[in-house]
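In what follows, a single structure is set out as structure tokens and then discussed.
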Amino acid sequence: MIADVTKEANLQADIIIQMCQNGWIPGTGSKYDRERALYPQDALTFVQITQPQEWEKFTRIYPNDTERHFLDALVAQLKKADANATDLQSRTYGTLGVLRHGIKSHNARFSLCQFKPDHNLNPDTLARYRQNICRIVPELVYSPHASGTDAEAKAKRWRIDLVLFINGLPVATLELKSEFKQTVNSAINQYKKTRLPKDPATNKPEPLLTFKRGALVHFAVSQYEVYMTTRLAGDDTFFLPFNKGTKEGGAGNDIPEDNHEYATSYLWNEVLLPDNLLKILACFVHLQIEEKEDWDGKKVKKESLIFPRYHQWDVVNKLIAAADEEGTGNKYLIQHSAGSGKSNSIAWTAHQLSCLHNEKGEKRFHSVIVVTDRTVLDDQLQDTIYQFEHADGVVGRINNREGEGSKSEKLASALEHSQPIIIVTIQTFPFVLKAIENSTSLKERTYAIIADEAHSSQSGSTARQLKEVLMSEGADDDVVLTSEDILDATLAARSGSSNLNFYAFTATPKAKTLELFGRRPNPHEPASRTNKPAAYHVYSMRQAIEEGFILDVLKNYTNYKVAYKLLQKMGDKDQEVDSNRAKIRLNQWVTLHEHNVAQKVKVIVEHYRQHVMHLLGGQAKAMVVTSSRKAAVRYKLAFDKYIAEMGYGKIAAMVAFSGEVEFQENDMNDLALLHQKFTEISMNPALKGRDMRKAFDTDDYQVMLVANKFQTGFDQPKLCAMYVDKALGGVECVQTLSRLNRTYPGKKESGTFVLDFYNEPDDILAAFQPYYQTAELTDVSNPDQVFDLYEKLRAMGIFLWHEVEQLCEAFYSKKKSNAKISNICLPAVNRWAMRYTSAKEAYISARQIYELTKRDSPNPILLANAENSFKACKKEKDRLEIFKKDLGSFVRFYEFMSQIVAYDDKSLEKLSLYCRHLRPLLREEATDEDDVDLSNVEMSHYRLSKIQEQHIKLEEDAAEYKLNPVNDVGTAKAKDKKEEFLSQVLSQLNELFITENLTDKDMLNYAFVVYDKLAENKLVMTQLDNNTREQAMLGDFTKAIDEAVMDSNEAHKEMMMQYLSSPDVAKGFAHLIASGVKELSGKAITIEKELQSLIESRMETFLGVRFLDSEYSTGKTHRGRIDSLGLDENNCPVIIEYKRHSNENVINQGLFYLDWLLDHKAEFKWLVMEKLGKETAEAIDWSGTRLLCIAADFNKYDEHAVQQINRNISLIRYKLFSDDLLMFELVNAVVENAFSEAANDTLTSTAGKRNTRTHSEQLASASTKLATLFEQLKSYVLSLGDEVQYKELKLYGAFRRLRNFVCAGVYPVTDPHIRLWLKLDPEHIQLEEGFSRDVTHIGHWGTGNVELVVRNENDLMKAKLLIEKAYQEN
């Protein structure tokens, strides 16, 4: 009879044979202790052989039945593991804890496993490591509850195919299935249905299958696939794929090249080799505490056991092996998709690199530097590595929040003491360079640098700087280094630093990243079309999607088309314009049009309501991606308006953008927005100081509107929809839409949605496709281009070579002088300026002659001559403008290529340094010839149409989608301007955009002003935020703009070509952006609403009042509308009314609202609870309820009236000085007698809830001496100014102008004294022990961070100086 090779038993037999050949020892189920879940003989053998002295101690304690006592102690430590515990101590219990930390019993200490040491210098440790007992037991009847009747049936039910033990402790189980009979899913179901952590009959735990106490990992295995889990939980058990992936980047496993091998043999022939499994237990497996959220939004802490997925284990092992074999001086690019678990991969890599030793026992790397902006990675590294090392100080974070000293000092200390792992942000990374540069000893050391998302953090100048600083060549202090010496060292560094390794982790490598960090197939040959750099290790987007770790965000993609018609106003004169420039301006004009935004907002909100908001148990979120900060502001205003009009109370939008946005006269003719300034804080009043990411995760917000923020690196798993109104291309497109791909319970079933108002589906596909599998280059950059550009620059005759030499000498001298460098550049600046001025004047003159000739002369010869002269003048002007562009191109390309190619040419290095300094000094003067006046343009028709809802399918092996290298450097050409009448341009645009018939319903009948600033750029905005506009224009921000444009050129197409080929456009772009980022500048406030909006956006800064609501309705009965409602720093309600006209009786109106408020305390309390939280609402002090009246001026009757009314009323006058100073002046204020009826109500209602005596009670019980001291204090403070008010509150007295500046409490019992709290910065005060202290982080009454204790008149004299200081500063 022929044997049936399809049976599961054959797979099992093959695995056992191969594992025994690899070092595993076969065992039998009869020697397994089901109650203890141990292979006891192995545990006893290991400790007796490897630790005889400890065993002898133990036998003296337990001379009788010693082995049983030992096993009982071992089981006791295993059983301490609580499956639901999340404390750090519990990590020393259970199987993993015992393997790592052993057990203690009386005076005996036992190790249950010896992991491989980091080096071979200790032969005893190596000997113990070789004595580990790795045992494989087949067909294990594991349950202590399996005995009884029907033994054979029960044994079948309670039997596991393979169980692996290390020194008697179970570490892994394997359920096998033959694909001929069943599938790997059958094994998974078997685990879920019959391998239960508790016996269903007795409800008692199964020790082998209990989380943390039993086996650490459970594998479901077939011939084709492997899945794993670390926690069995019945039907809730979650299995992860443990497959290698295919060569094409898909899920699963390839057919093995050897037909006699299994596709899954890597599991037992690689991963489960004794050495490898022991290393996994020592350096990979760890417990991770996470805050999980269920469908209902309930958050609980949950501990998970992390076992590496195959690609994680594989990449870490390969990187460590490469570092051991190849040493330093290498680069490694790891292309791992979102969902790959990069955080753990980086943590494991960093830890194991920091522990790596050479054959001499010396550490390979003195420090491992991790560059990341993710704080979650900081915490994860700390926690994970502590479990491996069980020691503090292994990981150090360099920031301003931890430790003492500056960042530079912390870094210097960490590097000097060779801290194993140092975490820095991308912004902090330059401090590393300085710290190493300032120490000769550090330059001799070796470093590994791991970059999290490696796009640009180490490219260009930063990487060059790093390698220059980390040179291994030292120099004696007494040796004089010339600039030539330094240049030689720089050139040596460019060819690769022998003491530095780079590890770059990214999901979407750009072409530059591939060229810089990629590995050439033949490392001994230069990069070429047949030897293209590639990623060292890949876990593709395709595999992540197919394995279910991320979602396919292109499944529900819908694009919309905007159709509109533009006309010139009747009777207005037509004008000749640059048609390309006019198209850009017209497109931008339409983008910010109020009707355009409003129609899109309607589509977005209704789509969200109908398709999204009910998903994930009502927790689903959405993101709207806008084209600019101004667009984000318009979207926010339109969003809030539409939601209010429709009464959609359960939808709230948050807007995210950097800096401040102001609308000027040339933006739109919407007077309500004129001169208003918008910030994130003013537009998101419900934030209440919270971090935007955390606030968005709550039920307070459902939609986030963004402008260049949160489009990358923002993980919000509940994000289900994205609405795009921005050109997206390349990496930016992938990173932006990938915000949707994070998984969440129920999200896979519901799917995600993308509604795109701007891009074409083909463009989206082109952006995603290169990263679907493995990112590849079409070719490599040609290094010889740098020589062509070098000759081109020198041939212009703008600079002389001896000037280049002089600048290099000055730059590298020890006494580097900014003045000297600028003076060296001056001759070249003057030469270029003279030639450019002359060329520009000739160009303008020739253009005028040409236009006159074209208009007046019928002679074709004269016209041809005029045209040729005009073209010649234009060519010379363009040549000089392109020269400036080429300076920047040369610097960027040389810095990039010199990291790849060893040029070994000092002249290139010198010219690069010279060009970097010369370029910002060359300034073109803008001409007004190309200004496009669009004030006579109006929109007559508009329609927003849904085009198609589709699944954009990413293709496998799409060879045409690859990344193009940089090979067009220095090829910029001036583009001839096509001049047409504006009416012709409008006609062309209408033909382009109108794709269907439009009806009268689409008509818009109003005109508006149309000037637009070009789109803001995030990097440019950051640069401008930290410099004046003039300084920024001299810096690198033009380069940043160029790079941003290049990154998105696929989406912008013709518009981007116009930018790149027209220096005027580029310069105008830079100037307009620079103009948009200015400090808050006051303007003439022409309408009350503008004043109200301004004050409400900064109410706490101006008035010390927390903003609650605007235009608050008092209901149908009172039919009033309170201008502004707030809560002051004393927790007292505040009404603010703004005086619109000189004859308006604002005081009477305010009193009416004041009475209404005191009659509706519950309603106000509910509003406070909603806006500021329950704790604040409970602390409302009604005794200080007040009315603020704000106006440009008040008359004498107003001032007299408030004196006659016993209410808390303040009259505040505002004044504008020039254009940039807004001042508030307290005209008159009346403080109501302490403790009105409202106050007494409050005291009565809360009397039973507290034992604290009121301020008046404390004062009444004070001694005569203390009461007199308080009156002296009060008299002094009130004498500081007529506007100073004193308000007695429940628990303290407050002195204020517009805001509190000092609060006082009386303490008459033990140590009688007065306590003052001053609103001052403690860092600027010399504190005196016993008299003053910093209470910033200490609970206290009143407001202010400096506390004074006044016991006598001497103390009061000292206090007066500080009180006056607080008065002046507030």
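Quick note on naming: the chains in the structure tokens go A, B, ... in the order shown, residues restart at 1 in each chain, and ligands are numbered from 1 in order of appearance.
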
Leaving out region 1298-1305 of chain A and any residue of its chain fewer than 4 positions from it, which residues lie within 7 Å of it when counting only C-alpha atoms, given as a ChimeraX atom specification? /A:1103-1104,1226,1255,1292-1294,1314-1319,1342-1343,1366-1367,1370

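Counting only C-alpha atoms, the residue from A:Thr229, A:Leu305, A:Ala686, A:Gln785 that sits nearest to Met1169 (chain A) is A:Ala686.
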
Do you have the CA of Asp904 (chain A)-CA of Glu326 (chain A) distance handy? 24.1 Å

For Met683 (chain A): contacts at 9 Å, only C-alpha atoms, fewer than 2 positions along chain excluded, given as a ChimeraX atom specification: /A:633,636-637,654-655,678-681,685-686,1097

Taking 5 positions as the minimum chain separation for residues in the same chain, which residues sit within 8 Å of region 1149-1157 of chain A when counting only C-alpha atoms? Answer as number ranges by chain. A: 1114, 1120, 1122, 1135-1137, 1164, 1186-1187, 1189

Could you list, as number ranges by chain, every residue within 12 Å of Gln352 (chain A), counting only C-alpha atoms and ignoring same-chain residues fewer than 4 positions away? A: 117-118, 279-280, 282-284, 313, 316-321, 323-324, 345-348, 356-357, 363-365, 367-368, 384-385, 388-389, 394, 420-421, 448

Resulting file, chosen residues, N, CA and C atoms, as a JSON list (two decimals), in the first residue's frame:
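Generated output (out.json):
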[["chain", "number", "residue", "atom", "x", "y", "z"],
["A", 117, "PRO", "N", 25.60, 35.78, 25.83],
["A", 117, "PRO", "CA", 26.20, 37.06, 26.24],
["A", 117, "PRO", "C", 26.55, 37.91, 25.03],
["A", 118, "ASP", "N", 26.71, 39.23, 25.28],
["A", 118, "ASP", "CA", 27.01, 40.16, 24.19],
["A", 118, "ASP", "C", 28.40, 39.95, 23.60],
["A", 279, "LYS", "N", 17.38, 34.20, 21.41],
["A", 279, "LYS", "CA", 17.61, 35.62, 21.20],
["A", 279, "LYS", "C", 16.28, 36.38, 21.15],
["A", 280, "ILE", "N", 15.27, 35.78, 20.54],
["A", 280, "ILE", "CA", 13.95, 36.42, 20.51],
["A", 280, "ILE", "C", 13.42, 36.61, 21.93],
["A", 282, "ALA", "N", 15.20, 36.89, 24.58],
["A", 282, "ALA", "CA", 16.07, 37.82, 25.30],
["A", 282, "ALA", "C", 15.91, 39.25, 24.83],
["A", 283, "CYS", "N", 15.77, 39.45, 23.51],
["A", 283, "CYS", "CA", 15.91, 40.80, 22.94],
["A", 283, "CYS", "C", 14.73, 41.28, 22.13],
["A", 284, "PHE", "N", 13.69, 40.49, 21.98],
["A", 284, "PHE", "CA", 12.54, 40.92, 21.17],
["A", 284, "PHE", "C", 11.24, 40.94, 21.97],
["A", 313, "TRP", "N", 11.55, 40.72, 12.69],
["A", 313, "TRP", "CA", 12.64, 39.86, 13.13],
["A", 313, "TRP", "C", 13.74, 39.80, 12.07],
["A", 316, "VAL", "N", 15.76, 43.32, 11.65],
["A", 316, "VAL", "CA", 16.65, 43.59, 12.78],
["A", 316, "VAL", "C", 17.86, 42.67, 12.73],
["A", 317, "ASN", "N", 17.62, 41.38, 12.50],
["A", 317, "ASN", "CA", 18.74, 40.43, 12.44],
["A", 317, "ASN", "C", 19.70, 40.76, 11.31],
["A", 318, "LYS", "N", 19.15, 41.14, 10.16],
["A", 318, "LYS", "CA", 20.02, 41.46, 9.03],
["A", 318, "LYS", "C", 20.83, 42.72, 9.28],
["A", 319, "LEU", "N", 20.21, 43.73, 9.89],
["A", 319, "LEU", "CA", 20.93, 44.97, 10.19],
["A", 319, "LEU", "C", 22.04, 44.72, 11.21],
["A", 320, "ILE", "N", 21.76, 43.90, 12.23],
["A", 320, "ILE", "CA", 22.77, 43.61, 13.25],
["A", 320, "ILE", "C", 23.91, 42.79, 12.64],
["A", 321, "ALA", "N", 23.54, 41.80, 11.83],
["A", 321, "ALA", "CA", 24.57, 40.97, 11.18],
["A", 321, "ALA", "C", 25.43, 41.81, 10.25],
["A", 323, "ALA", "N", 26.05, 45.05, 10.47],
["A", 323, "ALA", "CA", 26.93, 45.91, 11.26],
["A", 323, "ALA", "C", 28.11, 45.11, 11.81],
["A", 324, "ASP", "N", 27.86, 43.85, 12.16],
["A", 324, "ASP", "CA", 28.93, 43.00, 12.69],
["A", 324, "ASP", "C", 29.93, 42.62, 11.60],
["A", 345, "SER", "N", 10.42, 47.99, 15.49],
["A", 345, "SER", "CA", 11.62, 47.65, 14.71],
["A", 345, "SER", "C", 12.77, 48.58, 15.05],
["A", 346, "ILE", "N", 12.47, 49.88, 15.19],
["A", 346, "ILE", "CA", 13.51, 50.85, 15.54],
["A", 346, "ILE", "C", 14.01, 50.59, 16.96],
["A", 347, "ALA", "N", 13.09, 50.29, 17.88],
["A", 347, "ALA", "CA", 13.49, 50.04, 19.27],
["A", 347, "ALA", "C", 14.40, 48.82, 19.36],
["A", 348, "TRP", "N", 14.03, 47.74, 18.68],
["A", 348, "TRP", "CA", 14.86, 46.53, 18.71],
["A", 348, "TRP", "C", 16.22, 46.77, 18.05],
["A", 356, "LEU", "N", 26.02, 45.64, 20.64],
["A", 356, "LEU", "CA", 26.86, 44.86, 19.71],
["A", 356, "LEU", "C", 28.35, 45.04, 20.06],
["A", 357, "HIS", "N", 29.08, 43.93, 20.14],
["A", 357, "HIS", "CA", 30.51, 43.96, 20.46],
["A", 357, "HIS", "C", 31.30, 43.26, 19.35],
["A", 363, "LYS", "N", 32.63, 47.56, 22.25],
["A", 363, "LYS", "CA", 31.35, 47.93, 21.66],
["A", 363, "LYS", "C", 31.56, 48.46, 20.25],
["A", 364, "ARG", "N", 30.70, 48.02, 19.35],
["A", 364, "ARG", "CA", 30.79, 48.50, 17.96],
["A", 364, "ARG", "C", 30.47, 49.99, 17.88],
["A", 365, "PHE", "N", 29.49, 50.42, 18.68],
["A", 365, "PHE", "CA", 29.05, 51.82, 18.65],
["A", 365, "PHE", "C", 29.09, 52.38, 20.06],
["A", 367, "SER", "N", 27.59, 55.14, 20.89],
["A", 367, "SER", "CA", 26.22, 55.58, 21.13],
["A", 367, "SER", "C", 25.38, 55.33, 19.88],
["A", 368, "VAL", "N", 24.12, 55.03, 20.11],
["A", 368, "VAL", "CA", 23.15, 54.94, 19.02],
["A", 368, "VAL", "C", 22.24, 56.17, 19.14],
["A", 384, "THR", "N", 10.46, 49.53, 26.44],
["A", 384, "THR", "CA", 10.87, 48.26, 25.86],
["A", 384, "THR", "C", 12.27, 47.86, 26.29],
["A", 385, "ILE", "N", 13.20, 48.79, 26.20],
["A", 385, "ILE", "CA", 14.60, 48.47, 26.48],
["A", 385, "ILE", "C", 14.82, 48.22, 27.97],
["A", 388, "PHE", "N", 14.48, 44.63, 28.63],
["A", 388, "PHE", "CA", 15.62, 43.80, 28.22],
["A", 388, "PHE", "C", 16.80, 43.97, 29.19],
["A", 389, "GLU", "N", 17.09, 45.23, 29.54],
["A", 389, "GLU", "CA", 18.28, 45.54, 30.34],
["A", 389, "GLU", "C", 18.00, 45.53, 31.83],
["A", 394, "VAL", "N", 19.86, 53.65, 30.22],
["A", 394, "VAL", "CA", 20.26, 53.14, 28.91],
["A", 394, "VAL", "C", 19.82, 54.08, 27.80],
["A", 420, "PRO", "N", 24.23, 54.64, 25.93],
["A", 420, "PRO", "CA", 24.00, 53.69, 24.83],
["A", 420, "PRO", "C", 23.05, 54.19, 23.75],
["A", 421, "ILE", "N", 21.90, 54.77, 24.16],
["A", 421, "ILE", "CA", 20.91, 55.22, 23.18],
["A", 421, "ILE", "C", 20.52, 56.66, 23.53],
["A", 448, "ALA", "N", 25.99, 55.02, 15.53],
["A", 448, "ALA", "CA", 24.93, 54.56, 14.64],
["A", 448, "ALA", "C", 23.80, 55.57, 14.73]]

Find the residues near Ser498 (chain A): any atom within 6 Å, counting only C-alpha atoms, skip ones fewer than 2 places away on the same chain, and give them as a count of residues only. 3

Extract, using only C-alpha atoms, all DNA, RNA and protein residues at most 9 Å from Leu913 (chain A), discarding same-chain residues fewer than 5 positions from it, and format them as a PyMOL selection string. chain A and resi 804+807-808+811+891+908+918

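CA of Cys825 (chain A) is found 27.1 Å from CA of Asp784 (chain A).
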
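Distance-wise, CA of Asn330 (chain A) and CA of Leu272 (chain A) end up 29.8 Å apart.
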
Enumerate the residues of region 743-910 of chain A with a DSSP assignment of strand (DSSP E), computed from the backbone, and present them as a PyMOL selection string. chain A and resi 753-756

List every residue of region 95-204 of chain A that has an atom at most 12 Å from any atom of region 47-57 of chain A, and for each one report the closest atom pair and its distance in Å to one decimal, counting only C-alpha atoms, with rows sorted by chain and then by increasing residue number, as a Markdown table.
| residue | atom | partner | partner_atom | distance |
| --- | --- | --- | --- | --- |
| A:Gly102 | CA | A:Val47 | CA | 10.4 |
| A:Ile103 | CA | A:Val47 | CA | 11.0 |
| A:Lys104 | CA | A:Glu54 | CA | 10.2 |
| A:Ser105 | CA | A:Lys57 | CA | 9.9 |
| A:His106 | CA | A:Lys57 | CA | 9.1 |
| A:Asn107 | CA | A:Lys57 | CA | 7.2 |
| A:Ala108 | CA | A:Glu54 | CA | 5.4 |
| A:Arg109 | CA | A:Glu54 | CA | 6.3 |
| A:Phe110 | CA | A:Glu54 | CA | 6.8 |
| A:Ser111 | CA | A:Val47 | CA | 7.1 |
| A:Leu112 | CA | A:Val47 | CA | 6.8 |
| A:Cys113 | CA | A:Val47 | CA | 8.9 |
| A:Gln114 | CA | A:Thr50 | CA | 9.3 |
| A:Asp124 | CA | A:Thr50 | CA | 9.6 |
| A:Thr125 | CA | A:Thr50 | CA | 9.7 |
| A:Leu126 | CA | A:Thr50 | CA | 11.2 |
| A:Ala127 | CA | A:Thr50 | CA | 8.7 |
| A:Arg128 | CA | A:Thr50 | CA | 6.0 |
| A:Tyr129 | CA | A:Thr50 | CA | 9.3 |
| A:Arg130 | CA | A:Thr50 | CA | 10.2 |
| A:Gln131 | CA | A:Thr50 | CA | 7.5 |
| A:Asn132 | CA | A:Thr50 | CA | 9.2 |
| A:Ile133 | CA | A:Val47 | CA | 10.8 |
| A:Asn167 | CA | A:Val47 | CA | 8.8 |
| A:Gly168 | CA | A:Val47 | CA | 10.7 |

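The smallest atom-to-atom distance between Leu1188 (chain A) and any of A:Gln1204, A:Thr194, A:Asn1228, A:Gln735, using only C-alpha atoms, is found for A:Asn1228.
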
Give me, as a list of chain:residue names, the residues of region 524-568 of chain A that a backbone DSSP run labels helix (DSSP H, G or I). A:Met541, A:Arg542, A:Gln543, A:Ala544, A:Ile545, A:Glu546

Just N, CA, C and O atoms for this one: save the residues we selected as an mmCIF file, in the first residue's frame.
data_model
loop_
_atom_site.group_PDB
_atom_site.id
_atom_site.type_symbol
_atom_site.label_atom_id
_atom_site.label_comp_id
_atom_site.auth_asym_id
_atom_site.auth_seq_id
_atom_site.Cartn_x
_atom_site.Cartn_y
_atom_site.Cartn_z
ATOM 1 N N MET A 541 3.588 48.365 1.032
ATOM 2 C CA MET A 541 2.209 48.790 1.265
ATOM 3 C C MET A 541 1.254 47.661 0.864
ATOM 4 O O MET A 541 0.258 47.417 1.554
ATOM 5 N N ARG A 542 1.554 47.010 -0.214
ATOM 6 C CA ARG A 542 0.692 45.923 -0.683
ATOM 7 C C ARG A 542 0.586 44.821 0.370
ATOM 8 O O ARG A 542 -0.515 44.354 0.691
ATOM 9 N N GLN A 543 1.710 44.403 0.941
ATOM 10 C CA GLN A 543 1.678 43.344 1.947
ATOM 11 C C GLN A 543 0.925 43.811 3.191
ATOM 12 O O GLN A 543 0.143 43.054 3.772
ATOM 13 N N ALA A 544 1.130 45.063 3.588
ATOM 14 C CA ALA A 544 0.441 45.587 4.774
ATOM 15 C C ALA A 544 -1.070 45.604 4.559
ATOM 16 O O ALA A 544 -1.845 45.291 5.474
ATOM 17 N N ILE A 545 -1.502 45.970 3.348
ATOM 18 C CA ILE A 545 -2.941 45.983 3.041
ATOM 19 C C ILE A 545 -3.482 44.564 3.002
ATOM 20 O O ILE A 545 -4.517 44.256 3.606
ATOM 21 N N GLU A 546 -2.792 43.674 2.308
ATOM 22 C CA GLU A 546 -3.275 42.303 2.162
ATOM 23 C C GLU A 546 -3.277 41.553 3.483
ATOM 24 O O GLU A 546 -4.117 40.675 3.712
#

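Among the candidates A:Ser340, A:Gln702, A:Ser143, A:Thr246, the residue lying nearest to Gln773 (chain A) is A:Thr246 (atoms considered: only C-alpha atoms).
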